[in-house]
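Single-structure report; data block below.
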Amino acid sequence: MSKLYKLLFAISLIGLISACSSVKLDDVNSVATVNAGGSMTYDPIGDPKSSVYGKRSIYFVFDSYAIDPKYASTISAHASYLKAFQKQKASVIIQGNTDDRGTAEYNLALGQRRSEAIKRALVSQGVSESQLEAVSFGKEKPENPAQTEVAYGENRRADIVYH
């Protein structure tokens with residue numbers, strides 16, 4: 001009988017120890033939302049590892065609003081996100097910017113053409129126009145205030161801002 005008690009005690013002890021083992025928690029950098037059905041949905045906007053987290057600016061060459069093909073994957077990633085989260089009312093403001101060369105009026109118009117170009121690219125990939133707003137800041141919000149070619153290049157951009 002004592003062997004049976006020892007065996008039961010050993011099994012109980014093993015069960016107790018294994019029940020106390022820790023469970024690996026989710027990564028704190030992951031972001032999730034709860035949709036209307038109550039299930040969790042991954043949201044890449046807050047995830048530094050995602051393709052939309054840090055790539056929110058599209059840069060342009062001087063006096064142009066043509067989108068460089070190297071930004072196709074960035075635009076595609078944002079389009080995929082916006083389509084996936086359309087029911088959660090995901091939306092963006094596309095902010096067109098220019099360098100400080102040229103008149104204020106010219107730069108406002110060029111910034112608007114840049115933001116509209118990004119908007120058209122997103123719509124062409126299936127994003128609803130109701131999720132997009134295109135605005136221009138012209139030369140009023142420089143990323144880099146220096147008067148160098150590098151700074152000018154950093155300022156000729158359209159920023160995708162989620163709200």
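Residues are named by chain letter and number: chains run A, B, ... in the order of the structure tokens, numbers start at 1 in each chain, and ligands are numbered from 1 in the order shown.
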
>> Let's see if you can do this: from backbone DSSP, list all helix (DSSP H, G or I) residues in segment 70-141 of chain A, as a PyMOL selection string.
In response: chain A and resi 70-84+104-124+129-131

For the selection you just gave me, I'd like the residues written to a file as a compact mmCIF listing (two decimals), in the first residue's frame, keeping N, CA and C atoms.
# COMPACT_ATOMS: atom_id res chain seq x y z
N LYS A 70 10.22 52.38 -57.01
CA LYS A 70 10.77 51.74 -55.81
C LYS A 70 9.81 51.83 -54.62
N TYR A 71 8.79 52.68 -54.70
CA TYR A 71 7.82 52.82 -53.61
C TYR A 71 6.57 51.95 -53.82
N ALA A 72 6.56 51.12 -54.86
CA ALA A 72 5.39 50.29 -55.15
C ALA A 72 5.05 49.37 -53.98
N SER A 73 6.06 48.75 -53.37
CA SER A 73 5.77 47.83 -52.27
C SER A 73 5.26 48.57 -51.03
N THR A 74 5.75 49.77 -50.80
CA THR A 74 5.27 50.57 -49.67
C THR A 74 3.81 50.94 -49.87
N ILE A 75 3.48 51.41 -51.06
CA ILE A 75 2.09 51.78 -51.35
C ILE A 75 1.20 50.55 -51.29
N SER A 76 1.67 49.44 -51.80
CA SER A 76 0.90 48.19 -51.77
C SER A 76 0.64 47.74 -50.33
N ALA A 77 1.63 47.87 -49.47
CA ALA A 77 1.45 47.49 -48.06
C ALA A 77 0.39 48.35 -47.39
N HIS A 78 0.41 49.65 -47.65
CA HIS A 78 -0.61 50.54 -47.08
C HIS A 78 -1.98 50.24 -47.67
N ALA A 79 -2.05 49.94 -48.95
CA ALA A 79 -3.33 49.59 -49.58
C ALA A 79 -3.89 48.32 -48.95
N SER A 80 -3.05 47.34 -48.74
CA SER A 80 -3.51 46.09 -48.12
C SER A 80 -4.05 46.35 -46.72
N TYR A 81 -3.34 47.16 -45.96
CA TYR A 81 -3.79 47.49 -44.61
C TYR A 81 -5.14 48.20 -44.65
N LEU A 82 -5.25 49.21 -45.48
CA LEU A 82 -6.49 50.00 -45.53
C LEU A 82 -7.67 49.15 -45.99
N LYS A 83 -7.45 48.24 -46.92
CA LYS A 83 -8.54 47.35 -47.35
C LYS A 83 -8.92 46.38 -46.24
N ALA A 84 -7.93 45.85 -45.55
CA ALA A 84 -8.21 44.88 -44.48
C ALA A 84 -8.95 45.51 -43.31
N ALA A 104 5.05 80.15 -52.68
CA ALA A 104 4.14 79.43 -51.79
C ALA A 104 2.99 78.81 -52.59
N GLU A 105 2.44 79.56 -53.53
CA GLU A 105 1.32 79.07 -54.32
C GLU A 105 1.73 77.86 -55.17
N TYR A 106 2.88 77.96 -55.82
CA TYR A 106 3.36 76.86 -56.65
C TYR A 106 3.59 75.62 -55.79
N ASN A 107 4.21 75.79 -54.64
CA ASN A 107 4.51 74.65 -53.78
C ASN A 107 3.25 74.02 -53.19
N LEU A 108 2.25 74.83 -52.87
CA LEU A 108 0.98 74.26 -52.40
C LEU A 108 0.35 73.40 -53.49
N ALA A 109 0.38 73.88 -54.72
CA ALA A 109 -0.19 73.12 -55.83
C ALA A 109 0.61 71.83 -56.08
N LEU A 110 1.94 71.91 -56.05
CA LEU A 110 2.78 70.73 -56.26
C LEU A 110 2.57 69.72 -55.13
N GLY A 111 2.51 70.19 -53.90
CA GLY A 111 2.25 69.29 -52.77
C GLY A 111 0.91 68.59 -52.91
N GLN A 112 -0.10 69.31 -53.41
CA GLN A 112 -1.41 68.71 -53.63
C GLN A 112 -1.34 67.64 -54.72
N ARG A 113 -0.62 67.92 -55.79
CA ARG A 113 -0.46 66.92 -56.86
C ARG A 113 0.25 65.67 -56.33
N ARG A 114 1.21 65.85 -55.45
CA ARG A 114 1.91 64.70 -54.87
C ARG A 114 0.97 63.87 -54.00
N SER A 115 0.20 64.52 -53.16
CA SER A 115 -0.73 63.77 -52.30
C SER A 115 -1.82 63.10 -53.14
N GLU A 116 -2.28 63.76 -54.19
CA GLU A 116 -3.29 63.17 -55.07
C GLU A 116 -2.72 61.98 -55.83
N ALA A 117 -1.44 62.02 -56.19
CA ALA A 117 -0.81 60.89 -56.89
C ALA A 117 -0.80 59.65 -55.99
N ILE A 118 -0.48 59.84 -54.72
CA ILE A 118 -0.49 58.71 -53.78
C ILE A 118 -1.92 58.22 -53.60
N LYS A 119 -2.86 59.13 -53.48
CA LYS A 119 -4.27 58.75 -53.34
C LYS A 119 -4.72 57.91 -54.54
N ARG A 120 -4.40 58.35 -55.76
CA ARG A 120 -4.78 57.59 -56.96
C ARG A 120 -4.14 56.20 -56.95
N ALA A 121 -2.89 56.12 -56.51
CA ALA A 121 -2.21 54.82 -56.46
C ALA A 121 -2.91 53.88 -55.47
N LEU A 122 -3.34 54.40 -54.34
CA LEU A 122 -4.04 53.57 -53.35
C LEU A 122 -5.42 53.15 -53.87
N VAL A 123 -6.13 54.07 -54.49
CA VAL A 123 -7.46 53.76 -55.05
C VAL A 123 -7.32 52.71 -56.15
N SER A 124 -6.27 52.80 -56.96
CA SER A 124 -6.07 51.83 -58.04
C SER A 124 -5.82 50.42 -57.50
N GLU A 129 -12.11 55.48 -51.70
CA GLU A 129 -11.79 56.92 -51.62
C GLU A 129 -12.25 57.52 -50.30
N SER A 130 -13.27 56.93 -49.69
CA SER A 130 -13.77 57.48 -48.42
C SER A 130 -12.76 57.32 -47.29
N GLN A 131 -11.74 56.48 -47.48
CA GLN A 131 -10.71 56.28 -46.47
C GLN A 131 -9.53 57.24 -46.65

>> Could you list, as a PyMOL selection string, every residue within 7 Å of Ile93 of chain A, counting only C-alpha atoms and ignoring same-chain residues fewer than 3 positions away?
In response: chain A and resi 132-134+160-162

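Across A:Tyr65, A:Phe60, A:Tyr152, A:Phe137, the tightest approach to Asn97 of chain A is made by A:Phe137 when counting only C-alpha atoms.
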
>> What's the separation between atom CA of Pro69 of chain A and atom CA of Val135 of chain A, in Å to one decimal place?
In response: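 That distance, rounded to one decimal, is 22.2 Å.
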
> atom CA of Gln88 of chain A and atom CA of Ser136 of chain A are how many Å apart?
Replying inline: 26.0 Å

Quick one: pick out all strand (DSSP E or B) residues within segment 71-117 of chain A from a backbone DSSP run and write them as an mmCIF file with N, CA and C atoms, in the first residue's frame.
data_model
loop_
_atom_site.group_PDB
_atom_site.id
_atom_site.type_symbol
_atom_site.label_atom_id
_atom_site.label_comp_id
_atom_site.auth_asym_id
_atom_site.auth_seq_id
_atom_site.Cartn_x
_atom_site.Cartn_y
_atom_site.Cartn_z
ATOM 1 N N VAL A 92 -6.604 57.520 -43.800
ATOM 2 C CA VAL A 92 -5.351 58.267 -43.792
ATOM 3 C C VAL A 92 -5.551 59.656 -44.377
ATOM 4 N N ILE A 93 -4.680 60.534 -43.946
ATOM 5 C CA ILE A 93 -4.516 61.828 -44.590
ATOM 6 C C ILE A 93 -3.163 61.758 -45.283
ATOM 7 N N ILE A 94 -3.155 62.020 -46.565
ATOM 8 C CA ILE A 94 -1.907 62.027 -47.324
ATOM 9 C C ILE A 94 -1.478 63.482 -47.430
ATOM 10 N N GLN A 95 -0.333 63.781 -46.824
ATOM 11 C CA GLN A 95 0.144 65.163 -46.729
ATOM 12 C C GLN A 95 1.266 65.403 -47.733
ATOM 13 N N GLY A 96 0.977 66.207 -48.756
ATOM 14 C CA GLY A 96 1.978 66.533 -49.762
ATOM 15 C C GLY A 96 2.871 67.663 -49.289
ATOM 16 N N ASN A 97 4.165 67.517 -49.503
ATOM 17 C CA ASN A 97 5.160 68.509 -49.075
ATOM 18 C C ASN A 97 6.142 68.788 -50.202
#
